[in-house]
Every structure is written in C-alpha cells, then in structure tokens.
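Coordinates from entry09.pdb are shown below (PDB, C-alpha atoms).
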```pdb
ATOM      1  CA  MET W   1       0.000   0.000   0.000
ATOM      2  CA  ALA W   2       2.082   2.872  -1.304
ATOM      3  CA  SER W   3      -0.171   5.775  -0.429
ATOM      4  CA  GLN W   4      -2.228   5.229   2.668
ATOM      5  CA  GLN W   5      -4.989   7.446   1.503
ATOM      6  CA  PRO W   6      -8.374   6.642   2.987
ATOM      7  CA  ALA W   7     -10.911   5.736   0.342
ATOM      8  CA  GLY W   8     -12.980   8.719  -0.703
ATOM      9  CA  ALA W   9     -10.511  11.266   0.635
ATOM     10  CA  ALA W  10     -11.106  14.668  -0.804
ATOM     11  CA  ALA W  11      -8.310  15.043  -3.324
ATOM     12  CA  ASN W  12      -7.923  18.756  -2.779
ATOM     13  CA  GLU W  13      -7.523  18.489   0.993
ATOM     14  CA  PRO W  14      -3.854  18.047   1.947
ATOM     15  CA  ALA W  15      -3.153  15.132   4.310
ATOM     16  CA  ALA W  16      -1.671  17.568   6.861
ATOM     17  CA  ASP W  17      -5.086  19.207   7.276
ATOM     18  CA  ARG W  18      -6.725  15.843   7.900
ATOM     19  CA  THR W  19      -4.121  14.580  10.366
ATOM     20  CA  VAL W  20      -4.048  14.429  14.150
ATOM     21  CA  VAL W  21      -0.996  13.213  16.078
ATOM     22  CA  ILE W  22      -1.154  12.093  19.690
ATOM     23  CA  GLU W  23       2.059  11.134  21.500
ATOM     24  CA  ARG W  24       2.919   9.647  24.863
ATOM     25  CA  THR W  25       6.212   8.438  26.324
ATOM     26  CA  PHE W  26       6.079   5.280  28.421
ATOM     27  CA  ASP W  27       8.630   4.025  30.869
ATOM     28  CA  LEU W  28       8.430   0.609  29.195
ATOM     29  CA  PRO W  29      10.079  -1.288  26.354
ATOM     30  CA  ALA W  30       8.357  -1.128  22.952
ATOM     31  CA  ARG W  31       7.821  -4.876  22.953
ATOM     32  CA  VAL W  32       5.456  -4.681  25.961
ATOM     33  CA  LEU W  33       3.394  -1.898  24.401
ATOM     34  CA  PHE W  34       3.254  -3.766  21.110
ATOM     35  CA  LEU W  35       2.074  -6.864  22.962
ATOM     36  CA  ALA W  36      -0.657  -4.837  24.699
ATOM     37  CA  TYR W  37      -1.790  -3.707  21.230
ATOM     38  CA  SER W  38      -1.657  -7.045  19.489
ATOM     39  CA  LYS W  39      -3.897  -9.416  21.465
ATOM     40  CA  PRO W  40      -7.607  -8.993  22.214
ATOM     41  CA  GLU W  41      -7.249 -10.147  25.831
ATOM     42  CA  HIS W  42      -4.860  -7.233  26.350
ATOM     43  CA  VAL W  43      -6.630  -4.640  24.213
ATOM     44  CA  ARG W  44      -9.859  -5.199  26.157
ATOM     45  CA  LYS W  45      -8.050  -4.104  29.302
ATOM     46  CA  TRP W  46      -7.076  -0.624  28.207
ATOM     47  CA  PHE W  47      -8.826   0.543  25.045
ATOM     48  CA  GLY W  48     -11.349   3.320  25.577
ATOM     49  CA  PRO W  49     -11.988   5.887  28.298
ATOM     50  CA  PRO W  50     -13.156   4.827  31.796
ATOM     51  CA  GLY W  51     -16.830   3.876  31.781
ATOM     52  CA  TYR W  52     -16.763   2.653  28.161
ATOM     53  CA  PRO W  53     -15.455  -0.940  28.186
ATOM     54  CA  LEU W  54     -14.800  -2.799  24.951
ATOM     55  CA  THR W  55     -17.511  -5.428  24.930
ATOM     56  CA  LEU W  56     -16.835  -6.560  21.373
ATOM     57  CA  CYS W  57     -13.183  -7.161  20.487
ATOM     58  CA  ASP W  58     -12.546  -9.469  17.547
ATOM     59  CA  MET W  59      -9.034  -9.266  16.121
ATOM     60  CA  ASP W  60      -7.315 -11.157  13.333
ATOM     61  CA  PHE W  61      -3.968  -9.540  14.019
ATOM     62  CA  ARG W  62      -1.979 -10.071  10.835
ATOM     63  CA  LEU W  63      -1.378  -8.165   7.636
ATOM     64  CA  GLY W  64      -4.702  -7.993   5.797
ATOM     65  CA  GLY W  65      -6.581  -9.332   8.829
ATOM     66  CA  ARG W  66      -9.658  -7.523  10.104
ATOM     67  CA  TYR W  67     -10.786  -6.362  13.519
ATOM     68  CA  ARG W  68     -14.149  -5.354  14.917
ATOM     69  CA  PHE W  69     -14.704  -3.461  18.175
ATOM     70  CA  ALA W  70     -17.624  -1.977  20.073
ATOM     71  CA  MET W  71     -17.818  -0.231  23.422
ATOM     72  CA  THR W  72     -20.666  -0.266  25.881
ATOM     73  CA  GLY W  73     -21.578   3.073  27.426
ATOM     74  CA  PRO W  74     -22.559   3.829  31.017
ATOM     75  CA  ASP W  75     -26.214   3.303  30.037
ATOM     76  CA  GLY W  76     -25.443  -0.375  29.363
ATOM     77  CA  LYS W  77     -26.112  -0.143  25.634
ATOM     78  CA  GLN W  78     -23.539  -1.294  23.130
ATOM     79  CA  MET W  79     -22.490   1.551  20.857
ATOM     80  CA  THR W  80     -22.060   1.452  17.071
ATOM     81  CA  PRO W  81     -19.363  -1.101  16.201
ATOM     82  CA  PHE W  82     -16.313   0.043  14.275
ATOM     83  CA  GLY W  83     -13.470  -1.791  12.611
ATOM     84  CA  GLY W  84     -11.200  -2.183   9.641
ATOM     85  CA  GLU W  85      -8.148  -3.925   8.280
ATOM     86  CA  TYR W  86      -4.523  -4.209   9.406
ATOM     87  CA  LEU W  87      -2.550  -2.510   6.643
ATOM     88  CA  ASP W  88       0.931  -2.797   8.048
ATOM     89  CA  ILE W  89       2.424  -4.679  10.987
ATOM     90  CA  VAL W  90       6.108  -4.510  11.907
ATOM     91  CA  GLU W  91       6.706  -6.298  15.184
ATOM     92  CA  ASN W  92       7.527  -3.962  18.074
ATOM     93  CA  ARG W  93       7.710  -1.011  15.689
ATOM     94  CA  ARG W  94       4.548  -0.178  13.819
ATOM     95  CA  ILE W  95       0.885  -1.035  13.394
ATOM     96  CA  SER W  96      -1.266   0.613  10.766
ATOM     97  CA  TYR W  97      -4.967   0.004  10.274
ATOM     98  CA  SER W  98      -8.044   1.443   8.673
ATOM     99  CA  ASN W  99     -11.004   2.321  10.860
ATOM    100  CA  ALA W 100     -14.625   3.224  10.211
ATOM    101  CA  PHE W 101     -17.923   3.049  12.027
ATOM    102  CA  GLU W 102     -20.365   0.454  10.773
ATOM    103  CA  LYS W 103     -22.753   3.101   9.616
ATOM    104  CA  GLU W 104     -24.217   4.003   6.271
ATOM    105  CA  GLY W 105     -21.863   6.377   4.473
ATOM    106  CA  ALA W 106     -19.254   6.376   7.255
ATOM    107  CA  GLU W 107     -15.850   7.678   6.168
ATOM    108  CA  THR W 108     -12.620   5.816   6.841
ATOM    109  CA  MET W 109      -9.575   6.971   8.794
ATOM    110  CA  ILE W 110      -6.103   5.459   8.670
ATOM    111  CA  VAL W 111      -4.363   5.105  12.024
ATOM    112  CA  THR W 112      -0.627   4.454  12.272
ATOM    113  CA  VAL W 113       0.845   3.622  15.656
ATOM    114  CA  THR W 114       4.633   3.760  15.915
ATOM    115  CA  PHE W 115       6.687   2.530  18.845
ATOM    116  CA  VAL W 116      10.010   4.353  19.049
ATOM    117  CA  GLU W 117      12.336   2.961  21.689
ATOM    118  CA  GLN W 118      14.470   5.589  23.414
ATOM    119  CA  GLY W 119      16.747   3.831  25.884
ATOM    120  CA  SER W 120      14.492   2.198  28.468
ATOM    121  CA  ARG W 121      11.520   4.308  27.381
ATOM    122  CA  THR W 122       9.238   4.218  24.392
ATOM    123  CA  LEU W 123       7.623   7.047  22.493
ATOM    124  CA  LEU W 124       4.242   5.941  21.211
ATOM    125  CA  ARG W 125       2.863   8.023  18.372
ATOM    126  CA  ILE W 126      -0.696   7.663  17.092
ATOM    127  CA  ARG W 127      -1.064   9.349  13.754
ATOM    128  CA  THR W 128      -4.597   9.515  12.407
ATOM    129  CA  VAL W 129      -5.346  10.618   8.867
ATOM    130  CA  PHE W 130      -9.050  11.255   8.495
ATOM    131  CA  GLY W 131     -10.855  10.823   5.209
ATOM    132  CA  SER W 132     -11.690  14.511   4.993
ATOM    133  CA  VAL W 133     -11.297  17.724   6.944
ATOM    134  CA  ALA W 134     -15.002  17.529   7.775
ATOM    135  CA  MET W 135     -14.559  14.055   9.223
ATOM    136  CA  LYS W 136     -11.650  15.224  11.330
ATOM    137  CA  GLN W 137     -13.644  18.148  12.697
ATOM    138  CA  GLN W 138     -16.551  15.889  13.488
ATOM    139  CA  HIS W 139     -14.358  13.484  15.461
ATOM    140  CA  MET W 140     -12.441  16.187  17.262
ATOM    141  CA  SER W 141     -15.702  17.579  18.636
ATOM    142  CA  MET W 142     -17.511  14.306  19.125
ATOM    143  CA  GLY W 143     -18.348  14.886  22.766
ATOM    144  CA  TYR W 144     -19.514  18.404  22.055
ATOM    145  CA  GLU W 145     -23.218  17.721  22.389
ATOM    146  CA  GLN W 146     -22.782  16.181  25.834
ATOM    147  CA  GLY W 147     -20.703  19.225  26.716
ATOM    148  CA  VAL W 148     -23.528  21.508  25.675
ATOM    149  CA  GLY W 149     -25.896  19.463  27.811
ATOM    150  CA  ALA W 150     -23.664  20.053  30.810
ATOM    151  CA  GLY W 151     -23.704  23.792  30.249
ATOM    152  CA  LEU W 152     -20.175  23.884  28.934
ATOM    153  CA  ASP W 153     -20.798  25.187  25.439
ATOM    154  CA  GLN W 154     -20.153  28.755  26.380
ATOM    155  CA  LEU W 155     -16.961  27.858  28.212
ATOM    156  CA  ALA W 156     -15.653  25.918  25.249
ATOM    157  CA  VAL W 157     -16.173  28.967  23.071
ATOM    158  CA  ILE W 158     -14.421  31.165  25.624
ATOM    159  CA  ALA W 159     -11.542  28.723  25.962
ATOM    160  CA  GLY W 160     -11.120  28.487  22.206
ATOM    161  CA  GLY W 161     -10.977  32.278  21.928
ATOM    162  CA  LEU W 162      -8.502  32.719  24.764
ATOM    163  CA  VAL W 163      -6.140  30.004  23.680
ATOM    164  CA  GLN W 164      -5.934  31.392  20.182
ATOM    165  CA  ALA W 165      -5.454  34.942  21.451
TER     166      ALA W 165
ATOM    167  CA  MET S   1       2.008  15.638  29.929
ATOM    168  CA  PRO S   2       2.989  12.935  32.416
ATOM    169  CA  ALA S   3       1.127   9.661  32.121
ATOM    170  CA  SER S   4      -2.189   9.353  33.939
ATOM    171  CA  SER S   5      -2.421  12.998  34.859
ATOM    172  CA  PHE S   6      -4.825  13.866  32.061
ATOM    173  CA  THR S   7      -7.957  12.245  33.475
ATOM    174  CA  ARG S   8      -7.114  13.264  37.022
ATOM    175  CA  SER S   9      -6.817  16.934  36.184
ATOM    176  CA  LEU S  10     -10.013  16.644  34.163
ATOM    177  CA  ASP S  11     -11.819  15.277  37.218
ATOM    178  CA  LEU S  12     -10.909  18.413  39.129
ATOM    179  CA  VAL S  13     -11.827  20.724  36.283
ATOM    180  CA  PHE S  14     -15.219  19.151  35.715
ATOM    181  CA  ALA S  15     -16.018  18.982  39.428
ATOM    182  CA  ALA S  16     -15.341  22.710  39.541
ATOM    183  CA  LEU S  17     -17.404  23.342  36.406
ATOM    184  CA  ALA S  18     -20.361  21.368  37.769
ATOM    185  CA  ASP S  19     -21.638  24.431  39.631
ATOM    186  CA  PRO S  20     -23.554  27.186  37.771
ATOM    187  CA  THR S  21     -22.224  29.990  39.987
ATOM    188  CA  ARG S  22     -18.657  28.892  39.327
ATOM    189  CA  ARG S  23     -19.331  28.827  35.592
ATOM    190  CA  ALA S  24     -20.803  32.316  35.856
ATOM    191  CA  ILE S  25     -17.684  33.469  37.711
ATOM    192  CA  LEU S  26     -15.484  32.063  34.938
ATOM    193  CA  THR S  27     -17.584  33.746  32.283
ATOM    194  CA  ARG S  28     -17.136  37.023  34.154
ATOM    195  CA  LEU S  29     -13.368  36.478  34.484
ATOM    196  CA  ALA S  30     -13.101  35.768  30.773
ATOM    197  CA  LYS S  31     -13.724  39.504  30.336
ATOM    198  CA  GLY S  32     -10.896  40.440  32.685
ATOM    199  CA  GLU S  33      -9.642  39.980  36.234
ATOM    200  CA  ALA S  34     -11.815  40.910  39.187
ATOM    201  CA  SER S  35     -11.517  41.171  42.960
ATOM    202  CA  VAL S  36     -13.481  39.066  45.447
ATOM    203  CA  THR S  37     -15.429  42.176  46.413
ATOM    204  CA  ALA S  38     -16.428  42.874  42.826
ATOM    205  CA  LEU S  39     -17.516  39.267  42.339
ATOM    206  CA  THR S  40     -19.505  39.304  45.596
ATOM    207  CA  GLU S  41     -21.415  42.399  44.472
ATOM    208  CA  ARG S  42     -22.103  40.972  41.071
ATOM    209  CA  PHE S  43     -23.439  37.602  42.139
ATOM    210  CA  ALA S  44     -25.414  38.706  45.189
ATOM    211  CA  ILE S  45     -24.091  35.947  47.428
ATOM    212  CA  THR S  46     -22.035  36.246  50.596
ATOM    213  CA  GLN S  47     -18.320  36.810  50.429
ATOM    214  CA  PRO S  48     -17.519  33.501  52.194
ATOM    215  CA  ALA S  49     -19.610  31.727  49.545
ATOM    216  CA  VAL S  50     -17.707  33.475  46.755
ATOM    217  CA  SER S  51     -14.409  32.626  48.439
ATOM    218  CA  LYS S  52     -15.407  28.979  48.638
ATOM    219  CA  HIS S  53     -16.199  28.902  44.921
ATOM    220  CA  LEU S  54     -12.926  30.631  44.112
ATOM    221  CA  LYS S  55     -11.039  28.075  46.150
ATOM    222  CA  ALA S  56     -12.580  25.243  44.110
ATOM    223  CA  LEU S  57     -11.726  27.021  40.860
ATOM    224  CA  GLU S  58      -8.195  27.671  42.037
ATOM    225  CA  HIS S  59      -7.745  24.051  43.121
ATOM    226  CA  ALA S  60      -8.773  22.917  39.631
ATOM    227  CA  GLY S  61      -6.260  25.336  38.138
ATOM    228  CA  LEU S  62      -9.034  27.244  36.385
ATOM    229  CA  ILE S  63      -8.083  30.551  37.966
ATOM    230  CA  SER S  64      -5.040  32.069  39.561
ATOM    231  CA  ARG S  65      -5.012  34.804  42.169
ATOM    232  CA  GLY S  66      -2.796  37.756  42.793
ATOM    233  CA  PRO S  67      -0.352  37.810  45.710
ATOM    234  CA  ARG S  68      -1.881  40.550  47.833
ATOM    235  CA  SER S  69      -4.037  38.728  50.362
ATOM    236  CA  ARG S  70      -6.796  41.330  50.799
ATOM    237  CA  PHE S  71      -7.504  42.266  47.210
ATOM    238  CA  ARG S  72      -6.013  39.361  45.325
ATOM    239  CA  PRO S  73      -7.514  39.812  41.889
ATOM    240  CA  CYS S  74      -8.770  36.611  40.252
ATOM    241  CA  ARG S  75      -7.680  35.740  36.767
ATOM    242  CA  LEU S  76      -8.917  33.057  34.415
ATOM    243  CA  ASN S  77      -6.382  30.375  33.523
ATOM    244  CA  ALA S  78      -7.139  29.585  29.897
ATOM    245  CA  LYS S  79      -4.934  26.479  29.792
ATOM    246  CA  ALA S  80      -7.119  24.505  32.197
ATOM    247  CA  LEU S  81     -10.209  25.513  30.273
ATOM    248  CA  GLU S  82      -8.502  24.353  27.140
ATOM    249  CA  ARG S  83      -8.119  20.911  28.717
ATOM    250  CA  ALA S  84     -11.855  20.854  29.308
ATOM    251  CA  ALA S  85     -12.388  21.895  25.709
ATOM    252  CA  LEU S  86     -10.112  19.066  24.607
ATOM    253  CA  TRP S  87     -12.303  16.657  26.489
ATOM    254  CA  ILE S  88     -15.325  18.104  24.779
ATOM    255  CA  GLY S  89     -13.312  17.557  21.623
ATOM    256  CA  GLY S  90     -13.856  13.786  21.709
ATOM    257  CA  TYR S  91     -11.102  12.099  19.734
ATOM    258  CA  ARG S  92      -8.115  13.443  21.619
ATOM    259  CA  HIS S  93      -9.704  12.744  24.949
ATOM    260  CA  PHE S  94     -10.519   9.242  23.832
ATOM    261  CA  TRP S  95      -6.857   8.531  23.191
ATOM    262  CA  GLU S  96      -5.422  10.402  26.164
ATOM    263  CA  ALA S  97      -7.722   8.432  28.487
ATOM    264  CA  SER S  98      -6.941   5.159  26.688
ATOM    265  CA  LEU S  99      -3.212   5.830  26.977
ATOM    266  CA  ASP S 100      -3.619   6.434  30.716
ATOM    267  CA  ASN S 101      -5.146   2.944  30.910
ATOM    268  CA  LEU S 102      -2.487   1.502  28.621
ATOM    269  CA  ASP S 103       0.246   2.833  30.877
ATOM    270  CA  THR S 104      -1.245   1.138  33.934
ATOM    271  CA  TYR S 105      -2.013  -2.118  32.159
ATOM    272  CA  ALA S 106       1.273  -2.420  30.245
ATOM    273  CA  ARG S 107       3.202  -1.949  33.496
ATOM    274  CA  GLN S 108       1.359  -4.958  34.922
ATOM    275  CA  LEU S 109       2.105  -6.923  31.764
ATOM    276  CA  HIS S 110       5.750  -6.042  32.049
ATOM    277  CA  GLN S 111       5.926  -7.176  35.667
ATOM    278  CA  GLN S 112       4.259 -10.480  34.866
ATOM    279  CA  GLU S 113       6.653 -10.956  31.986
ATOM    280  CA  GLU S 114       9.668 -10.515  34.211
ATOM    281  CA  LYS S 115       8.599 -13.309  36.534
ATOM    282  CA  PRO S 116      10.103 -16.655  35.503
ATOM    283  CA  ALA S 117       7.591 -18.205  33.108
ATOM    284  CA  ARG S 118       6.459 -21.296  34.954
ATOM    285  CA  LYS S 119       2.760 -21.235  34.184
ATOM    286  CA  GLU S 120       3.280 -23.909  31.528
ATOM    287  CA  ASN S 121       4.529 -26.262  34.232
ATOM    288  CA  SER S 122       1.611 -25.759  36.554
ATOM    289  CA  GLN S 123       0.301 -29.257  35.946
ATOM    290  CA  HIS S 124       3.256 -30.482  38.010
ATOM    291  CA  GLY S 125       1.713 -29.178  41.174
ATOM    292  CA  LYS S 126      -1.446 -27.412  42.250
ATOM    293  CA  SER S 127       0.136 -25.386  45.015
ATOM    294  CA  THR S 128       1.776 -22.836  42.768
ATOM    295  CA  THR S 129       0.480 -19.913  44.781
ATOM    296  CA  SER S 130       3.251 -20.242  47.344
ATOM    297  CA  ARG S 131       6.005 -19.809  44.785
ATOM    298  CA  ARG S 132       8.574 -17.355  45.991
ATOM    299  CA  ARG S 133       9.355 -14.536  43.701
ATOM    300  CA  ARG S 134      12.276 -12.230  43.506
ATOM    301  CA  LYS S 135      11.219  -8.776  42.396
TER     302      LYS S 135
END
```

For the file at hand, write its structure as structure tokens.
Amino acid sequence: MASQQPAGAAANEPAADRTVVIERTFDLPARVLFLAYSKPEHVRKWFGPPGYPLTLCDMDFRLGGRYRFAMTGPDGKQMTPFGGEYLDIVENRRISYSNAFEKEGAETMIVTVTFVEQGSRTLLRIRTVFGSVAMKQQHMSMGYEQGVGAGLDQLAVIAGGLVQA
Amino acid sequence: MPASSFTRSLDLVFAALADPTRRAILTRLAKGEASVTALTERFAITQPAVSKHLKALEHAGLISRGPRSRFRPCRLNAKALERAALWIGGYRHFWEASLDNLDTYARQLHQQEEKPARKENSQHGKSTTSRRRRK
C-alpha cells in the first residue's frame, strides 16, 4: 500500500489538514506496548476511556486481517461497532490500520501507531489521517453535544478564543 | 504531559465546572480579572460563599489569584479551560484516556513478563500460589 490514503478522501484536501498526532512516552520497552496492542485479551483491558469498556473485540492480528470493536456506554447499551483492516504490521515497531464506524456512508480513517524505543523508554505516536477535513472536525468535537448538555458550550467557546489569542 | 495525569486533572476541572455559579464566575473572568469584592457584588451571594467557589476554581487550576491577600484579583487560567475543551473535543480525549489505561495495564504486563515463566509447568503441582518470587 504505497499511499495510505483513505478511500474517498477529498483530493484537494492536503493530508496535513486531515491529520491528528497524539504522543505519549512510556517508561516501558516497545515490545510490551506492542504486545498490549496485538492481542484482544490485552486490548480489552485498556482501550477506551473509563466507563466505556470494549464489549466486542474481535481481532485477526496479521497483515490484511480484520478487527471489529464496540464499546458499551454507562447506560449499558452497546455503541455502534467500528473496525477495519490491518494494513501494516512490523513487530515492536509499527501497526497501521483502517477504521470506520459500521454506519451508512461512514468515512474511513487510517491510524498508524509507531513505537520508538528511546533507551528504556518508548515514544508511542498515534497518527490519524481522516478521510476529509469535515470528518476530522466531526471526530475532534464528538463529545460536544454532551458538553452543551452540561452547560459547557459557552466555556468551550471562551476557551477556544482565549487560547488562540 | 505525564502519564495518567490527564484524566485526574479533568476530574478536578469538571467537578469545579459542575456548579452554575462557578461557571458564571469564569464567564465574568473571561472579560478580565476581578476582585473578590467585585464578584460578591455581582453575584449577590455572601463573600464567604464566593471565596469557597474561588477556592474550588483555584484548586482545579481554572483561575489564579494575585499575591496581595486582601484584594487578590482573580484571573482566568485559559490552559485549564482548554483541557476541558479538549475533552469536549472527543477524539483526543478518547486517546489520552486510553493511553492512561495503557500505561497502567502495560506496566502490569511487564511485571508479569519478568517473573520466571512457569505457568506452563503448573500441571506439576497445584500449590503454585506459594512460589517465591524475587522482584
């Protein structure tokens, strides 16, 4: 897969504008983090924020294999499943996969996780390339409606303004 | 950001934001700093009540206060509000919280891994719980 361009990506939107990078350094060897990523019995233990356990976690962890996940929310209802295909796996170094919600017309994102060992520590980088700028914006503000419900809409606007200022 | 601190600081921020008076105080401070006296007049509640709210906001890092004890002007700390906005901004929060969990879980995995792998031999004896372990 030479260009990891999500299907249906808007051709005129540069990848940089559709990309989000999240990084974290762990005081652990890359091999342990890779292991935690590569088996469903491990992934179940950490994937997702508190209160949203993975209640569906099927993984065929090999190049071209597919996975399918779903979380259950605090209300006890399973949320929309999502999944995709493993596009690249380099042991202890890199995992790349496609991801989309199982929903009519859902766009696909490509997620690349790299494990960079730095002495006894490991830098984990999650690079997500969304299918379009609109998709990225939608995901970045996914919890927004709940925020509005909690009376936080105004504060978010204020915060946005102040941080940019 | 150090591991695991993201969700903890969010807990404080959202506990502080859970009160309508405190949100009103923040909205006021977004327009500029203000003294306790000015805030007391504006919100028509007692000064001790205002001070209590300010303490909660300060504890969450949402405001900072000037050094002079009597008049200490209150100032909004935009960075902490930005963290709340990041939470509202779904995807990043999703991963930051997941990585907090990953850190905790992968440490456990690592510790288990470092123990001599004898699980495969457990059929040799049932009383494996008393195995001594060097850590």

Residues returned when the PyMOL selection byres ((chain W and resi 106-109) around 7) runs on this file, as a list in words: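 Selected by the PyMOL selection byres ((chain W and resi 106-109) around 7) in this file: Pro6, Ala7, Ser98, Asn99, Ala100, Phe101, Glu102, Lys103, Glu104, Gly105, Ile110, Val111, Thr128, Val129, Phe130 and Gly131 of chain W.
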
I need the chosen residues saved as a tab-separated table (two decimals), in the frame of the given file, with C-alpha atoms.
```
chain	number	residue	atom	x	y	z
W	6	PRO	CA	-8.37	6.64	2.99
W	7	ALA	CA	-10.91	5.74	0.34
W	98	SER	CA	-8.04	1.44	8.67
W	99	ASN	CA	-11.00	2.32	10.86
W	100	ALA	CA	-14.62	3.22	10.21
W	101	PHE	CA	-17.92	3.05	12.03
W	102	GLU	CA	-20.36	0.45	10.77
W	103	LYS	CA	-22.75	3.10	9.62
W	104	GLU	CA	-24.22	4.00	6.27
W	105	GLY	CA	-21.86	6.38	4.47
W	110	ILE	CA	-6.10	5.46	8.67
W	111	VAL	CA	-4.36	5.11	12.02
W	128	THR	CA	-4.60	9.52	12.41
W	129	VAL	CA	-5.35	10.62	8.87
W	130	PHE	CA	-9.05	11.26	8.49
W	131	GLY	CA	-10.86	10.82	5.21
```

Using the chain letters and residue numbers of this document, give as a ChimeraX atom specification the residues selected by the PyMOL selection byres ((chain S and resi 110) around 10). /W:28-29,31-33,35-36 /S:105-109,111-115

Name the residues within 6 Å of (-0.8, 8.9, 19.0), counting all atoms listed in the file in the file's coordinates, and put them as JSON, numbers by chain. {"W": [21, 22, 23, 125, 126, 127]}

Please return the centre and edge lengths, in Å to one decimal, of a box with edges along x, y and z that contains all listed atoms of region 38-49 of chain S, widened by 8 Å on every side, as JSON.
```
{"center_x": -20.9, "center_y": 37.3, "center_z": 46.6, "size_x": 25.0, "size_y": 27.1, "size_z": 27.1}
```

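One distance worth recording is that between CA of Thr114 (chain W) and CA of Ala30 (chain W), which is 9.3 Å.
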
Long-range neighbours of Ala49 (chain S) as a short mmCIF file (atom, residue, chain, number, x, y, z; two decimals) with C-alpha atoms, in the coordinates of the input, 12 Å cut-off, all atoms listed in the file, 2 positions minimum in chain:
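out08.cif, freshly written:
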```cif
data_model
loop_
_atom_site.label_atom_id
_atom_site.label_comp_id
_atom_site.auth_asym_id
_atom_site.auth_seq_id
_atom_site.Cartn_x
_atom_site.Cartn_y
_atom_site.Cartn_z
CA THR S 21 -22.22 29.99 39.99
CA ARG S 22 -18.66 28.89 39.33
CA VAL S 36 -13.48 39.07 45.45
CA THR S 37 -15.43 42.18 46.41
CA LEU S 39 -17.52 39.27 42.34
CA THR S 40 -19.50 39.30 45.60
CA GLU S 41 -21.42 42.40 44.47
CA PHE S 43 -23.44 37.60 42.14
CA ALA S 44 -25.41 38.71 45.19
CA ILE S 45 -24.09 35.95 47.43
CA THR S 46 -22.04 36.25 50.60
CA GLN S 47 -18.32 36.81 50.43
CA SER S 51 -14.41 32.63 48.44
CA LYS S 52 -15.41 28.98 48.64
CA HIS S 53 -16.20 28.90 44.92
CA LEU S 54 -12.93 30.63 44.11
CA LYS S 55 -11.04 28.08 46.15
CA ALA S 56 -12.58 25.24 44.11
#
```

Could you state which residues are captured by the PyMOL selection byres ((chain S and resi 72) around 12) in this file, as a ChimeraX atom specification? /S:33-39,51,54,63-71,73-75

Polymer residues at most 7 Å from Ala70 (chain W), all atoms listed in the file, same-chain spacing of 5 or more positions, as number ranges by chain: W: 54-57, 78-82

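In this comparison, which uses all atoms listed in the file, the residue of W:Pro14, W:Pro50, W:Gly76, W:Pro40 approaching chain S most closely is W:Pro50.
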
Using Å and a single decimal, report how far CA of Phe34 (chain W) sits from CA of Gly119 (chain W). 16.2 Å

Around (-11.4, 24.5, 40.4) in the file's own coordinates, what residues are found within 12 Å if you use only C-alpha atoms, given back as a PyMOL selection string? chain S and resi 9-19+22-23+25-26+51-64+76-77+80-81+84

Point-to-point distance in Å for CA of Lys39 (chain W) and CA of Asp58 (chain W): 9.5 Å

Would you mind telling me which residue in W:Gly73, W:Ser38, W:Val133, W:Val43 lies nearest to Phe61 (chain W) when using all atoms listed in the file?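 Closest to Phe61 (chain W), using all atoms listed in the file: W:Ser38.
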
Nearest to chain S, restricted to all atoms listed in the file and choosing among W:Arg68, W:Lys77, W:Arg62, W:His42, comes out as W:His42

Nearest to chain S among W:Asp60, W:Arg18, W:Tyr37, W:Pro49, with distances taken over only C-alpha atoms: which residue is it?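 Among the listed residues, W:Pro49 lies closest to chain S.
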
From W:Arg93, W:Arg121, W:Lys45, W:Arg66, residue lying nearest Asn101 (chain S) [only C-alpha atoms]: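 Among W:Arg93, W:Arg121, W:Lys45, W:Arg66, it is W:Lys45 that comes nearest to Asn101 (chain S).
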
What does region 47-64 of chain W look like written to a file with C-alpha atoms, as a PDB file, in the first residue's frame?
```pdb
ATOM      1  CA  PHE W  47      -8.826   0.543  25.045  1.00  0.00           C
ATOM      2  CA  GLY W  48     -11.349   3.320  25.577  1.00  0.00           C
ATOM      3  CA  PRO W  49     -11.988   5.887  28.298  1.00  0.00           C
ATOM      4  CA  PRO W  50     -13.156   4.827  31.796  1.00  0.00           C
ATOM      5  CA  GLY W  51     -16.830   3.876  31.781  1.00  0.00           C
ATOM      6  CA  TYR W  52     -16.763   2.653  28.161  1.00  0.00           C
ATOM      7  CA  PRO W  53     -15.455  -0.940  28.186  1.00  0.00           C
ATOM      8  CA  LEU W  54     -14.800  -2.799  24.951  1.00  0.00           C
ATOM      9  CA  THR W  55     -17.511  -5.428  24.930  1.00  0.00           C
ATOM     10  CA  LEU W  56     -16.835  -6.560  21.373  1.00  0.00           C
ATOM     11  CA  CYS W  57     -13.183  -7.161  20.487  1.00  0.00           C
ATOM     12  CA  ASP W  58     -12.546  -9.469  17.547  1.00  0.00           C
ATOM     13  CA  MET W  59      -9.034  -9.266  16.121  1.00  0.00           C
ATOM     14  CA  ASP W  60      -7.315 -11.157  13.333  1.00  0.00           C
ATOM     15  CA  PHE W  61      -3.968  -9.540  14.019  1.00  0.00           C
ATOM     16  CA  ARG W  62      -1.979 -10.071  10.835  1.00  0.00           C
ATOM     17  CA  LEU W  63      -1.378  -8.165   7.636  1.00  0.00           C
ATOM     18  CA  GLY W  64      -4.702  -7.993   5.797  1.00  0.00           C
TER      19      GLY W  64
END
```
